[in-house]
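Asker: Provided below: protein-v6.cif, containing mmCIF, C-alpha atoms (C1' of nucleotides).
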```
data_work
#
loop_
_atom_site.label_atom_id
_atom_site.label_comp_id
_atom_site.auth_asym_id
_atom_site.auth_seq_id
_atom_site.Cartn_x
_atom_site.Cartn_y
_atom_site.Cartn_z
CA MET A 270 114.56 110.39 85.98
CA THR A 271 114.86 108.34 89.16
CA LEU A 272 114.35 111.49 91.18
CA SER A 273 110.58 111.60 91.39
CA ALA A 274 109.72 107.97 90.73
CA ASN A 275 106.58 107.29 92.72
CA ARG A 276 106.69 110.69 94.36
CA PHE A 277 103.46 112.58 93.88
CA ILE A 278 103.05 116.22 94.89
CA GLY A 279 100.67 119.03 94.00
CA GLU A 280 96.96 119.67 93.65
CA TYR A 281 94.94 119.51 90.44
CA ALA A 282 91.33 120.21 89.49
CA TYR A 283 89.67 117.92 86.94
CA SER A 284 86.19 117.02 85.84
CA ILE A 285 84.55 113.61 85.86
CA ASP A 286 82.70 112.84 82.64
CA ALA A 287 79.46 110.95 82.17
CA LYS A 288 81.32 107.64 82.01
CA GLY A 289 83.09 108.08 85.32
CA ARG A 290 86.44 108.93 83.77
CA VAL A 291 89.00 111.28 85.34
CA ASN A 292 92.17 112.57 83.93
CA ILE A 293 95.36 111.69 85.76
CA PRO A 294 97.73 114.66 85.87
CA ALA A 295 100.35 114.17 83.19
CA ARG A 296 103.11 114.54 85.76
CA PHE A 297 101.76 111.59 87.73
CA ARG A 298 101.29 109.16 84.91
CA GLN A 299 104.80 107.87 84.52
CA ALA A 300 105.40 107.44 88.24
CA LEU A 301 102.07 105.71 88.70
CA SER A 302 102.93 102.88 86.41
CA VAL A 303 106.67 102.50 86.66
CA GLU A 304 107.74 99.02 85.56
CA ASN A 305 104.19 97.76 85.37
CA GLU A 306 102.82 98.67 81.99
CA GLY A 307 100.34 101.25 83.13
CA THR A 308 98.73 99.18 85.86
CA PHE A 309 97.84 100.62 89.27
CA PHE A 310 95.16 100.15 91.92
CA THR A 311 92.19 102.13 93.21
CA THR A 312 90.49 101.72 96.57
CA ARG A 313 88.81 103.59 99.41
CA GLY A 314 90.89 106.08 101.32
CA PHE A 315 91.06 106.50 105.07
CA ASP A 316 89.19 109.74 104.63
CA ARG A 317 86.21 110.11 102.36
CA CYS A 318 88.30 110.01 99.21
CA ILE A 319 89.65 107.62 96.60
CA TYR A 320 93.19 106.25 96.70
CA VAL A 321 95.12 105.63 93.52
CA ILE A 322 98.13 103.51 94.34
CA PRO A 323 101.16 102.50 92.25
CA ALA A 324 101.32 98.80 91.51
CA ILE A 325 104.62 98.27 93.31
CA ILE A 326 103.24 99.60 96.57
CA TRP A 327 99.97 97.73 96.31
CA MET A 328 101.73 94.45 95.49
CA ASP A 329 103.82 94.77 98.64
CA MET A 330 100.65 95.11 100.66
CA GLU A 331 99.11 92.12 98.90
CA THR A 332 102.14 90.02 99.70
CA GLU A 333 101.81 90.89 103.37
CA LEU A 334 98.16 89.93 103.25
CA SER A 335 98.96 86.61 101.62
CA ASN A 336 101.32 85.82 104.49
CA LEU A 337 98.56 86.16 107.08
CA SER A 338 97.16 82.84 108.23
CA SER A 339 93.58 82.20 107.12
CA VAL A 340 92.95 80.23 110.27
CA SER A 341 92.48 83.43 112.26
CA GLY A 342 89.05 85.02 111.87
CA ILE A 343 90.27 88.53 112.39
CA ASN A 344 92.89 88.02 109.70
CA ARG A 345 90.20 86.96 107.26
CA THR A 346 88.12 90.01 108.09
CA PHE A 347 91.14 92.26 107.64
CA ILE A 348 91.98 90.78 104.25
CA ARG A 349 88.38 91.20 103.14
CA ASN A 350 88.30 94.82 104.15
CA GLN A 351 91.57 95.52 102.36
CA THR A 352 90.50 93.97 99.07
CA ARG A 353 86.77 94.48 98.78
CA HIS A 354 86.83 98.03 97.52
CA ALA A 355 89.97 97.64 95.46
CA SER A 356 90.49 97.01 91.78
CA SER A 357 93.33 97.22 89.33
CA SER A 358 93.11 99.68 86.49
CA THR A 359 94.94 101.17 83.54
CA TYR A 360 94.52 104.43 81.69
CA ASP A 361 93.20 104.95 78.22
CA LYS A 362 95.07 106.55 75.34
CA GLN A 363 94.20 110.01 76.67
CA GLY A 364 95.62 109.33 80.13
CA ARG A 365 92.29 108.92 81.94
CA ILE A 366 91.13 106.22 84.30
CA THR A 367 87.60 104.94 84.81
CA LEU A 368 86.62 105.00 88.46
CA PRO A 369 84.17 102.37 89.75
CA LEU A 370 80.77 103.84 90.60
CA SER A 371 81.02 102.47 94.12
CA LEU A 372 84.16 104.50 94.80
CA LEU A 373 82.68 107.67 93.32
CA GLU A 374 79.69 107.25 95.61
CA TYR A 375 81.87 106.57 98.62
CA ALA A 376 83.82 109.76 98.00
CA GLY A 377 80.69 111.73 97.09
CA ILE A 378 82.20 112.79 93.79
CA GLU A 379 79.95 113.86 90.94
CA LYS A 380 81.29 116.30 88.38
CA GLU A 381 84.32 117.98 89.87
CA ALA A 382 87.31 116.35 91.51
CA THR A 383 90.44 117.55 93.23
CA ILE A 384 93.49 115.34 92.83
CA ILE A 385 96.23 115.56 95.41
CA GLY A 386 99.69 114.03 95.36
CA MET A 387 100.39 112.29 98.68
CA ILE A 388 104.03 111.36 98.02
CA ASN A 389 103.58 107.61 97.48
CA LYS A 390 99.92 107.60 96.45
CA ILE A 391 97.24 109.87 94.94
CA GLU A 392 93.99 111.03 96.48
CA ILE A 393 90.86 111.99 94.54
CA TRP A 394 88.41 114.22 96.43
CA ASN A 395 85.11 115.94 96.20
CA PRO A 396 86.50 119.51 96.40
CA ASP A 397 84.03 120.44 99.15
CA TYR A 398 84.84 117.50 101.41
CA LEU A 399 88.55 118.08 101.19
CA THR A 400 88.70 121.44 102.96
CA GLU A 401 85.98 120.38 105.39
CA ASN A 402 87.86 117.19 106.26
CA ASP A 403 91.16 118.89 107.00
CA GLN A 404 89.48 121.63 109.00
CA ASN A 405 87.88 118.97 111.18
CA ASN A 406 91.19 117.21 111.72
CA LEU A 407 92.80 120.48 112.72
CA ASN A 408 90.04 121.29 115.16
CA LEU A 409 90.36 117.88 116.78
CA ASP A 410 94.13 117.79 117.12
CA SER A 411 95.91 121.05 116.39
CA ASN A 412 98.63 120.31 118.94
CA ALA A 413 99.70 117.19 117.11
CA TYR A 414 99.78 119.25 113.94
CA ASP A 415 102.14 121.76 115.54
CA ASP A 416 104.37 118.93 116.78
CA LEU A 417 104.68 117.62 113.26
CA ALA A 418 105.40 121.05 111.91
CA GLY A 419 108.09 121.44 114.54
CA LYS A 420 109.83 118.24 113.57
CA ILE A 421 109.48 118.37 109.82
CA ILE A 422 110.84 121.74 108.88
CA LEU A 423 111.91 123.38 105.72
CA MET B 230 100.72 89.46 82.43
CA THR B 231 102.55 88.02 85.38
CA LEU B 232 101.45 90.95 87.45
CA SER B 233 98.31 89.70 89.12
CA ALA B 234 98.41 86.00 88.41
CA ASN B 235 96.45 84.30 91.16
CA ARG B 236 95.85 87.56 92.94
CA PHE B 237 92.16 88.08 93.52
CA ILE B 238 90.88 91.41 94.80
CA GLY B 239 87.56 93.23 94.80
CA GLU B 240 83.92 92.63 95.61
CA TYR B 241 81.26 91.66 93.09
CA ALA B 242 77.50 91.11 93.27
CA TYR B 243 76.04 88.31 91.17
CA SER B 244 72.87 86.29 91.05
CA ILE B 245 72.49 82.55 91.28
CA ASP B 246 70.16 81.19 88.63
CA ALA B 247 67.68 78.35 88.93
CA LYS B 248 70.35 75.83 88.03
CA GLY B 249 72.76 76.86 90.76
CA ARG B 250 75.13 78.68 88.43
CA VAL B 251 77.13 81.75 89.42
CA ASN B 252 79.18 83.99 87.26
CA ILE B 253 82.86 84.23 88.04
CA PRO B 254 84.05 87.82 87.66
CA ALA B 255 85.77 88.11 84.30
CA ARG B 256 88.87 89.46 85.98
CA PHE B 257 89.23 86.32 88.06
CA ARG B 258 88.81 83.79 85.31
CA GLN B 259 92.29 83.80 83.90
CA ALA B 260 94.04 83.68 87.25
CA LEU B 261 91.72 80.94 88.47
CA SER B 262 92.77 78.51 85.82
CA VAL B 263 96.36 79.38 85.02
CA GLU B 264 98.13 76.37 83.58
CA ASN B 265 95.22 74.07 84.33
CA GLU B 266 92.77 74.59 81.53
CA GLY B 267 89.94 76.00 83.52
CA THR B 268 90.08 73.59 86.45
CA PHE B 269 89.77 74.73 90.07
CA PHE B 270 88.32 73.49 93.33
CA THR B 271 85.35 74.39 95.49
CA THR B 272 84.94 73.60 99.17
CA ARG B 273 83.62 74.94 102.46
CA GLY B 274 85.17 78.10 103.80
CA PHE B 275 86.31 78.73 107.35
CA ASP B 276 83.43 81.13 107.65
CA ARG B 277 79.96 80.37 106.41
CA CYS B 278 80.93 80.83 102.79
CA ILE B 279 82.18 78.89 99.78
CA TYR B 280 85.84 78.81 98.78
CA VAL B 281 86.88 78.71 95.14
CA ILE B 282 90.54 77.78 94.96
CA PRO B 283 92.95 77.75 91.99
CA ALA B 284 94.17 74.31 91.07
CA ILE B 285 97.82 75.12 91.78
CA ILE B 286 97.10 76.14 95.34
CA TRP B 287 94.78 73.25 95.98
CA MET B 288 97.33 70.78 94.65
CA ASP B 289 99.93 72.13 97.05
CA MET B 290 97.54 71.51 99.92
CA GLU B 291 96.82 68.00 98.65
CA THR B 292 100.51 67.26 98.53
CA GLU B 293 100.93 68.30 102.13
CA LEU B 294 97.99 66.14 103.11
CA SER B 295 99.50 63.16 101.33
CA ASN B 296 102.65 63.57 103.40
CA LEU B 297 100.74 63.17 106.65
CA SER B 298 101.04 59.72 108.20
CA SER B 299 97.79 57.76 108.08
CA VAL B 300 98.82 55.99 111.26
CA SER B 301 97.69 58.96 113.32
CA GLY B 302 93.97 59.14 113.94
CA ILE B 303 93.90 62.89 114.10
CA ASN B 304 95.69 63.04 110.77
CA ARG B 305 93.02 60.88 109.20
CA THR B 306 90.26 63.08 110.61
CA PHE B 307 92.00 66.20 109.38
CA ILE B 308 92.41 64.81 105.88
CA ARG B 309 88.77 63.78 105.79
CA ASN B 310 87.60 67.23 106.82
CA GLN B 311 89.71 68.84 104.13
CA THR B 312 88.45 66.66 101.32
CA ARG B 313 84.88 65.68 102.12
CA HIS B 314 83.26 68.92 100.95
CA ALA B 315 85.65 69.55 98.09
CA SER B 316 85.21 68.94 94.39
CA SER B 317 86.89 70.05 91.21
CA SER B 318 85.01 72.14 88.71
CA THR B 319 85.26 74.06 85.45
CA TYR B 320 83.31 76.93 83.99
CA ASP B 321 80.97 76.91 81.04
CA LYS B 322 81.35 78.96 77.87
CA GLN B 323 79.86 82.01 79.58
CA GLY B 324 82.30 81.91 82.48
CA ARG B 325 79.91 80.48 85.09
CA ILE B 326 80.39 77.65 87.50
CA THR B 327 77.76 75.30 88.90
CA LEU B 328 77.95 75.12 92.68
CA PRO B 329 77.03 71.88 94.45
CA LEU B 330 73.73 72.18 96.31
CA SER B 331 75.41 71.10 99.53
CA LEU B 332 77.78 74.05 99.42
CA LEU B 333 74.99 76.50 98.61
CA GLU B 334 73.09 75.20 101.62
CA TYR B 335 76.15 75.41 103.84
CA ALA B 336 76.65 79.05 102.88
CA GLY B 337 72.93 79.82 103.03
CA ILE B 338 72.96 81.21 99.50
CA GLU B 339 69.76 81.39 97.49
CA LYS B 340 69.44 84.07 94.82
CA GLU B 341 72.05 86.70 95.51
CA ALA B 342 75.74 86.17 96.10
CA THR B 343 78.66 88.41 96.93
CA ILE B 344 82.01 87.31 95.56
CA ILE B 345 85.17 88.53 97.25
CA GLY B 346 88.74 88.22 96.09
CA MET B 347 90.93 87.02 98.96
CA ILE B 348 94.30 87.29 97.21
CA ASN B 349 94.96 83.59 96.64
CA LYS B 350 91.38 82.31 96.71
CA ILE B 351 87.79 83.45 96.16
CA GLU B 352 84.92 83.54 98.62
CA ILE B 353 81.23 83.33 97.72
CA TRP B 354 78.84 84.71 100.32
CA ASN B 355 75.25 85.25 101.17
CA PRO B 356 75.39 89.07 101.18
CA ASP B 357 73.67 89.25 104.57
CA TYR B 358 76.00 86.81 106.31
CA LEU B 359 79.07 88.58 105.04
CA THR B 360 78.57 91.88 106.84
CA GLU B 361 77.23 90.11 109.91
CA ASN B 362 80.26 87.84 110.04
CA ASP B 363 82.82 90.60 109.80
CA GLN B 364 80.99 92.75 112.30
CA ASN B 365 81.11 89.89 114.79
CA ASN B 366 84.82 89.37 114.24
CA LEU B 367 85.45 93.06 114.77
CA ASN B 368 83.46 93.11 117.98
CA LEU B 369 85.34 90.12 119.31
CA ASP B 370 88.82 91.25 118.43
CA SER B 371 89.06 94.89 117.45
CA ASN B 372 92.48 95.27 119.06
CA ALA B 373 93.96 92.59 116.84
CA TYR B 374 92.40 94.34 113.88
CA ASP B 375 94.00 97.63 114.80
CA ASP B 376 97.35 95.89 115.18
CA LEU B 377 97.10 94.57 111.65
CA ALA B 378 96.04 97.95 110.31
CA GLY B 379 99.04 99.53 112.04
CA LYS B 380 101.46 97.08 110.48
CA ILE B 381 100.02 96.81 107.01
CA ILE B 382 99.58 100.34 105.82
CA LEU B 383 98.82 101.90 102.53
"C1'" DG C 227 66.35 47.98 80.33
"C1'" DA C 228 63.03 51.85 80.16
"C1'" DT C 229 62.01 56.10 82.14
"C1'" DA C 230 62.82 60.08 85.03
"C1'" DA C 231 66.03 63.39 86.80
"C1'" DT C 232 70.06 65.67 86.63
"C1'" DT C 233 73.89 67.66 84.42
"C1'" DA C 234 76.52 69.63 80.62
"C1'" DC C 235 76.58 72.12 76.39
"C1'" DC C 236 74.75 75.51 73.24
"C1'" DC C 237 72.46 79.75 71.69
"C1'" DA C 238 70.45 84.43 72.40
"C1'" DC C 239 70.19 89.05 74.05
"C1'" DA C 240 70.71 93.32 76.88
"C1'" DA C 241 73.90 96.09 79.35
"C1'" DC C 242 78.16 97.62 79.95
"C1'" DT C 243 83.11 98.58 79.08
"C1'" DA C 244 87.25 99.43 76.47
"C1'" DC C 245 88.98 101.29 72.56
"C1'" DC C 246 89.11 104.65 69.06
"C1'" DC C 247 88.64 109.22 67.01
"C1'" DA C 248 87.73 114.26 67.19
"C1'" DC C 249 88.04 118.90 68.96
"C1'" DT C 250 89.86 122.64 71.82
"C1'" DA C 251 93.12 124.89 74.85
"C1'" DT C 252 97.61 125.38 76.48
"C1'" DC C 253 102.49 124.98 76.31
"C1'" DT C 254 106.98 124.66 73.66
"C1'" DT C 255 110.09 125.75 70.28
"C1'" DA C 256 111.95 127.74 66.31
"C1'" DT D 6 104.56 135.07 66.45
"C1'" DA D 7 103.56 130.98 64.00
"C1'" DA D 8 103.59 126.08 64.05
"C1'" DG D 9 103.82 121.91 66.26
"C1'" DA D 10 103.28 119.17 70.27
"C1'" DT D 11 101.02 118.08 74.54
"C1'" DA D 12 97.08 118.09 77.66
"C1'" DG D 13 92.12 117.99 78.85
"C1'" DT D 14 87.32 116.83 77.42
"C1'" DG D 15 83.54 114.72 74.80
"C1'" DG D 16 81.31 111.10 72.28
"C1'" DG D 17 80.60 106.76 68.98
"C1'" DT D 18 81.24 101.81 68.20
"C1'" DA D 19 82.65 97.17 68.56
"C1'" DG D 20 83.65 93.73 71.68
"C1'" DT D 21 83.04 91.81 76.27
"C1'" DT D 22 80.29 90.51 80.20
"C1'" DG D 23 76.21 89.04 82.82
"C1'" DT D 24 71.88 86.52 82.56
"C1'" DG D 25 68.23 83.64 80.84
"C1'" DG D 26 66.60 79.59 78.76
"C1'" DG D 27 66.51 75.29 75.44
"C1'" DT D 28 68.19 70.76 74.10
"C1'" DA D 29 71.14 66.82 74.17
"C1'" DA D 30 73.83 63.72 76.94
"C1'" DT D 31 74.68 61.56 81.15
"C1'" DT D 32 73.39 59.61 85.39
"C1'" DA D 33 70.17 57.72 88.60
"C1'" DT D 34 65.83 55.07 89.68
"C1'" DC D 35 62.57 51.63 89.39
#
```
As structure tokens, what does this structure read like?
Answerer:
Amino acid sequence: MTLSANRFIGEYAYSIDAKGRVNIPARFRQALSVENEGTFFTTRGFDRCIYVIPAIIWMDMETELSNLSSVSGINRTFIRNQTRHASSSTYDKQGRITLPLSLLEYAGIEKEATIIGMINKIEIWNPDYLTENDQNNLNLDSNAYDDLAGKIIL
Amino acid sequence: MTLSANRFIGEYAYSIDAKGRVNIPARFRQALSVENEGTFFTTRGFDRCIYVIPAIIWMDMETELSNLSSVSGINRTFIRNQTRHASSSTYDKQGRITLPLSLLEYAGIEKEATIIGMINKIEIWNPDYLTENDQNNLNLDSNAYDDLAGKIIL
DNA sequence: GATAATTACCCACAACTACCCACTATCTTA
DNA sequence: TAAGATAGTGGGTAGTTGTGGGTAATTATC
């Protein structure tokens, strides 16, 4: 089963319950926690969404951060911004994770959530923001989109 | 549980009580005191904040200091500046630490404090100074920030 | 050396979180 | 098609976490 280790694809619709729990698609669960006993990391995404990141990938990033010299002010600010919204997490017996309230607010998620596989990480969206966000990106830079499509073909 | 030993991430809001005690986030406690029975060190941060440093990391720094020749005046000054504001500490049964008044004054902390995990150490901030500080750094050096973001990607 | 001030240790309680169990719907397999 | 397994959702409970305050022990002051 090495084929799809840490490779997430597809879109899923789930609900958030009163305790802030979301289901992780069954297909994602194994890859999320490979070799790390069910541990992974959540943080803010570049867009207005939540990132769920496999431990191996997050740890690499952490290691790079720990190699930055604390003497530089901008390094310190960068480290802060990388870690402040992040936390490690595990899922419960039913395969759900509890999302911090701060992240749910950031992503504007209340009851419904769309989960998208982004190859090496997972995104959790407010379903409305998702389509809106991508439409905006397309409007701003449709040429770049076509370039990518031209290079990365099926 | 080797996964996140001595790896501090996340942001937490706590209050300082009348006795100068702050809670240490439960998730940090174990990593803070690995192999040293609850002992760690507090000192001034580079920014206007308080550092809380695991014993293992502090001891490494002490060792390097002890290798500096005392014949050099600048070495002596450097050693002094590293140690004069530092002290060792432990937490009480509820997981709190008592911060020296001098450090609280240095960081301008009164009732509210923001605690940030900085991978291998912890920072304690006056919530107002924190955002102000990082905004200043960004204004001064946003190019360097973008460079870092380009290299260290999620 | 007696008293005041500070610190360390202990207990108490409310809020929250993690863990457990239960139910339904869907998918798989015989 | 029936039966079992898996997946998604909801809720209860015990343990943990954050916060306040009291008392004894230690340190400082006169």
Asker: Just say which residues the PyMOL selection byres ((chain C) within 9 of (chain A)) picks in this file, as a count of residues only.
Answerer: 3
Asker: Give me, as number ranges by chain, the residues of chain A touching chain D, with the criterion being at most 12 Å (counting only C-alpha atoms (C1' of nucleotides)).
Answerer: A: 282-288, 290-296, 362-365
Asker: Go through the shown structure with the PyMOL selection byres ((chain B) within 7 of (chain A)) and write out the matching residues as a list in words.
Answerer: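 This file gives the following for the PyMOL selection byres ((chain B) within 7 of (chain A)): Ile238, Gly239, Glu240, Ile345, Gly346, Met347, Ile348, Asp363, Asn366, Asp370, Tyr374 and Ile381 of chain B.
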Asker: Give me the residues within 7 Å of Ile393 in chain A as a list in words, counting all atoms listed in the file and dropping any in the same chain fewer than 4 places off.
Answerer: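 Listed by chain and then number, they are Cys318, Ile319, Tyr320, Ala382, Thr383, Ile384 and Ile385 of chain A.
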Asker: Please indicate the distance in Å from CA of Gly377 in chain A to CA of Val321 in chain A, rounded to one decimal place.
Answerer: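 Between CA of Gly377 in chain A and CA of Val321 in chain A the gap is 16.1 Å.
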Asker: Could you do a least-squares fit of chain A on chain B over every C-alpha atom, in sequence order, and give the output as a compact mmCIF listing (two decimals) with C-alpha atoms, in the coordinates of the input?
Answerer:
```
# COMPACT_ATOMS: atom_id res chain seq x y z
CA MET A 270 100.50 89.54 82.52
CA THR A 271 102.39 87.92 85.39
CA LEU A 272 101.43 90.82 87.60
CA SER A 273 98.09 89.65 88.91
CA ALA A 274 98.38 85.91 88.37
CA ASN A 275 96.38 84.33 91.16
CA ARG A 276 95.78 87.65 92.84
CA PHE A 277 92.11 88.29 93.41
CA ILE A 278 90.78 91.63 94.65
CA GLY A 279 87.42 93.40 94.61
CA GLU A 280 83.79 92.71 95.39
CA TYR A 281 81.11 91.66 92.90
CA ALA A 282 77.37 91.03 93.08
CA TYR A 283 75.94 88.15 91.03
CA SER A 284 72.83 86.05 90.96
CA ILE A 285 72.55 82.29 91.31
CA ASP A 286 70.23 80.74 88.74
CA ALA A 287 67.85 77.83 89.16
CA LYS A 288 70.61 75.35 88.32
CA GLY A 289 72.99 76.58 90.99
CA ARG A 290 75.24 78.42 88.56
CA VAL A 291 77.17 81.60 89.41
CA ASN A 292 79.15 83.80 87.20
CA ILE A 293 82.83 84.18 87.98
CA PRO A 294 83.96 87.78 87.51
CA ALA A 295 85.70 88.05 84.17
CA ARG A 296 88.78 89.50 85.83
CA PHE A 297 89.15 86.40 87.98
CA ARG A 298 88.76 83.78 85.32
CA GLN A 299 92.23 83.75 83.87
CA ALA A 300 93.98 83.78 87.23
CA LEU A 301 91.74 81.05 88.57
CA SER A 302 92.82 78.55 86.01
CA VAL A 303 96.37 79.48 85.14
CA GLU A 304 98.20 76.52 83.63
CA ASN A 305 95.41 74.11 84.43
CA GLU A 306 92.90 74.28 81.64
CA GLY A 307 90.12 75.93 83.57
CA THR A 308 90.19 73.61 86.56
CA PHE A 309 89.88 74.87 90.14
CA PHE A 310 88.41 73.68 93.43
CA THR A 311 85.45 74.60 95.61
CA THR A 312 85.04 73.85 99.30
CA ARG A 313 83.71 75.20 102.59
CA GLY A 314 85.26 78.37 103.91
CA PHE A 315 86.35 79.06 107.46
CA ASP A 316 83.44 81.43 107.72
CA ARG A 317 79.99 80.61 106.44
CA CYS A 318 80.99 81.04 102.82
CA ILE A 319 82.26 79.09 99.83
CA TYR A 320 85.93 79.02 98.83
CA VAL A 321 86.95 78.90 95.20
CA ILE A 322 90.60 78.00 95.02
CA PRO A 323 93.06 77.95 92.09
CA ALA A 324 94.26 74.49 91.18
CA ILE A 325 97.91 75.23 91.92
CA ILE A 326 97.16 76.21 95.49
CA TRP A 327 94.81 73.33 96.12
CA MET A 328 97.28 70.80 94.68
CA ASP A 329 99.94 72.01 97.09
CA MET A 330 97.57 71.38 99.96
CA GLU A 331 96.72 67.94 98.60
CA THR A 332 100.38 67.05 98.39
CA GLU A 333 100.85 67.99 102.03
CA LEU A 334 97.88 65.83 102.95
CA SER A 335 99.27 62.89 101.01
CA ASN A 336 102.48 63.13 103.03
CA LEU A 337 100.64 62.67 106.33
CA SER A 338 100.87 59.15 107.69
CA SER A 339 97.57 57.26 107.65
CA VAL A 340 98.60 55.40 110.76
CA SER A 341 97.65 58.36 112.94
CA GLY A 342 93.92 58.66 113.63
CA ILE A 343 93.95 62.40 113.92
CA ASN A 344 95.69 62.64 110.57
CA ARG A 345 92.95 60.58 108.98
CA THR A 346 90.28 62.78 110.51
CA PHE A 347 92.07 65.89 109.29
CA ILE A 348 92.36 64.58 105.74
CA ARG A 349 88.68 63.67 105.75
CA ASN A 350 87.65 67.10 106.89
CA GLN A 351 89.81 68.76 104.26
CA THR A 352 88.44 66.74 101.36
CA ARG A 353 84.85 65.92 102.19
CA HIS A 354 83.32 69.20 101.12
CA ALA A 355 85.66 69.77 98.22
CA SER A 356 85.28 69.13 94.53
CA SER A 357 87.04 70.14 91.37
CA SER A 358 85.18 72.20 88.82
CA THR A 359 85.45 74.03 85.53
CA TYR A 360 83.41 76.83 84.02
CA ASP A 361 81.05 76.65 81.12
CA LYS A 362 81.34 78.61 77.89
CA GLN A 363 79.76 81.64 79.56
CA GLY A 364 82.26 81.70 82.42
CA ARG A 365 79.95 80.29 85.11
CA ILE A 366 80.52 77.51 87.58
CA THR A 367 77.96 75.14 89.05
CA LEU A 368 78.11 75.09 92.82
CA PRO A 369 77.20 71.87 94.66
CA LEU A 370 73.90 72.14 96.53
CA SER A 371 75.62 71.16 99.76
CA LEU A 372 77.92 74.18 99.58
CA LEU A 373 75.07 76.55 98.73
CA GLU A 374 73.21 75.28 101.78
CA TYR A 375 76.26 75.58 103.99
CA ALA A 376 76.72 79.20 102.96
CA GLY A 377 72.98 79.92 103.09
CA ILE A 378 73.02 81.22 99.54
CA GLU A 379 69.81 81.28 97.52
CA LYS A 380 69.43 83.86 94.78
CA GLU A 381 71.99 86.56 95.39
CA ALA A 382 75.70 86.16 96.02
CA THR A 383 78.57 88.46 96.80
CA ILE A 384 81.94 87.41 95.43
CA ILE A 385 85.06 88.71 97.11
CA GLY A 386 88.66 88.46 95.98
CA MET A 387 90.85 87.27 98.88
CA ILE A 388 94.23 87.60 97.14
CA ASN A 389 94.96 83.90 96.60
CA LYS A 390 91.40 82.57 96.68
CA ILE A 391 87.79 83.69 96.12
CA GLU A 392 84.93 83.77 98.59
CA ILE A 393 81.24 83.48 97.69
CA TRP A 394 78.83 84.85 100.31
CA ASN A 395 75.22 85.32 101.12
CA PRO A 396 75.29 89.15 101.06
CA ASP A 397 73.56 89.36 104.45
CA TYR A 398 75.95 87.02 106.25
CA LEU A 399 79.00 88.81 104.98
CA THR A 400 78.48 92.13 106.77
CA GLU A 401 77.12 90.36 109.84
CA ASN A 402 80.15 88.06 109.99
CA ASP A 403 82.73 90.83 109.80
CA GLN A 404 80.86 92.95 112.32
CA ASN A 405 80.97 90.05 114.76
CA ASN A 406 84.69 89.56 114.23
CA LEU A 407 85.29 93.24 114.86
CA ASN A 408 83.25 93.21 118.03
CA LEU A 409 85.18 90.22 119.34
CA ASP A 410 88.68 91.45 118.56
CA SER A 411 88.93 95.07 117.48
CA ASN A 412 92.35 95.46 119.09
CA ALA A 413 93.86 92.79 116.90
CA TYR A 414 92.30 94.55 113.93
CA ASP A 415 94.01 97.81 114.88
CA ASP A 416 97.33 96.00 115.29
CA LEU A 417 97.05 94.65 111.78
CA ALA A 418 96.12 98.03 110.43
CA GLY A 419 99.14 99.48 112.17
CA LYS A 420 101.52 97.01 110.60
CA ILE A 421 100.08 96.78 107.12
CA ILE A 422 99.86 100.35 105.97
CA LEU A 423 99.34 102.05 102.71
```
Asker: Please measure the separation of CA of Phe277 in chain A and CA of Ile391 in chain A, giving the value in Å to one decimal.
Answerer: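 Going from CA of Phe277 in chain A over to CA of Ile391 in chain A covers 6.9 Å.
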Asker: Take CA of Ala373 in chain B and CA of Ser411 in chain A and report the distance between them in Å, one decimal.
Answerer: 28.5 Å
Asker: If you take every atom of range 246-251 of chain C that the file lists and fit an axis-aligned box around them with 8 Å extra on each side, what centre and edge lengths come out in Å to one decimal, as lines of an AutoDock Vina configuration file?
Answerer:
```
center_x = 90.4
center_y = 114.8
center_z = 70.9
size_x = 21.4
size_y = 36.2
size_z = 23.8
```
Asker: Written as a PyMOL selection string, which residues does the PyMOL selection byres ((chain B and resi 334) around 12) give for the file shown?
Answerer: chain B and resi 249+273+277-279+314+328-333+335-340+354-355
Asker: Please rebuild range 396-403 of chain A with N, CA and C atoms and return the result as an mmCIF file, in the frame of the given file.
Answerer:
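This went into selection-v6.cif:
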```cif
data_model
loop_
_atom_site.group_PDB
_atom_site.id
_atom_site.type_symbol
_atom_site.label_atom_id
_atom_site.label_comp_id
_atom_site.auth_asym_id
_atom_site.auth_seq_id
_atom_site.Cartn_x
_atom_site.Cartn_y
_atom_site.Cartn_z
ATOM 1 N N PRO A 396 85.820 118.280 95.962
ATOM 2 C CA PRO A 396 86.500 119.510 96.400
ATOM 3 C C PRO A 396 85.940 120.057 97.720
ATOM 4 N N ASP A 397 84.637 119.914 97.922
ATOM 5 C CA ASP A 397 84.030 120.440 99.150
ATOM 6 C C ASP A 397 84.476 119.647 100.384
ATOM 7 N N TYR A 398 84.503 118.337 100.259
ATOM 8 C CA TYR A 398 84.840 117.500 101.410
ATOM 9 C C TYR A 398 86.279 117.687 101.858
ATOM 10 N N LEU A 399 87.134 117.989 100.896
ATOM 11 C CA LEU A 399 88.550 118.080 101.190
ATOM 12 C C LEU A 399 88.850 119.139 102.259
ATOM 13 N N THR A 400 88.417 120.362 102.000
ATOM 14 C CA THR A 400 88.700 121.440 102.960
ATOM 15 C C THR A 400 87.985 121.166 104.289
ATOM 16 N N GLU A 401 86.764 120.704 104.194
ATOM 17 C CA GLU A 401 85.980 120.380 105.390
ATOM 18 C C GLU A 401 86.705 119.340 106.246
ATOM 19 N N ASN A 402 87.185 118.292 105.568
ATOM 20 C CA ASN A 402 87.860 117.190 106.260
ATOM 21 C C ASN A 402 89.093 117.672 107.028
ATOM 22 N N ASP A 403 89.916 118.457 106.363
ATOM 23 C CA ASP A 403 91.160 118.890 107.000
ATOM 24 C C ASP A 403 90.876 119.894 108.121
#
```
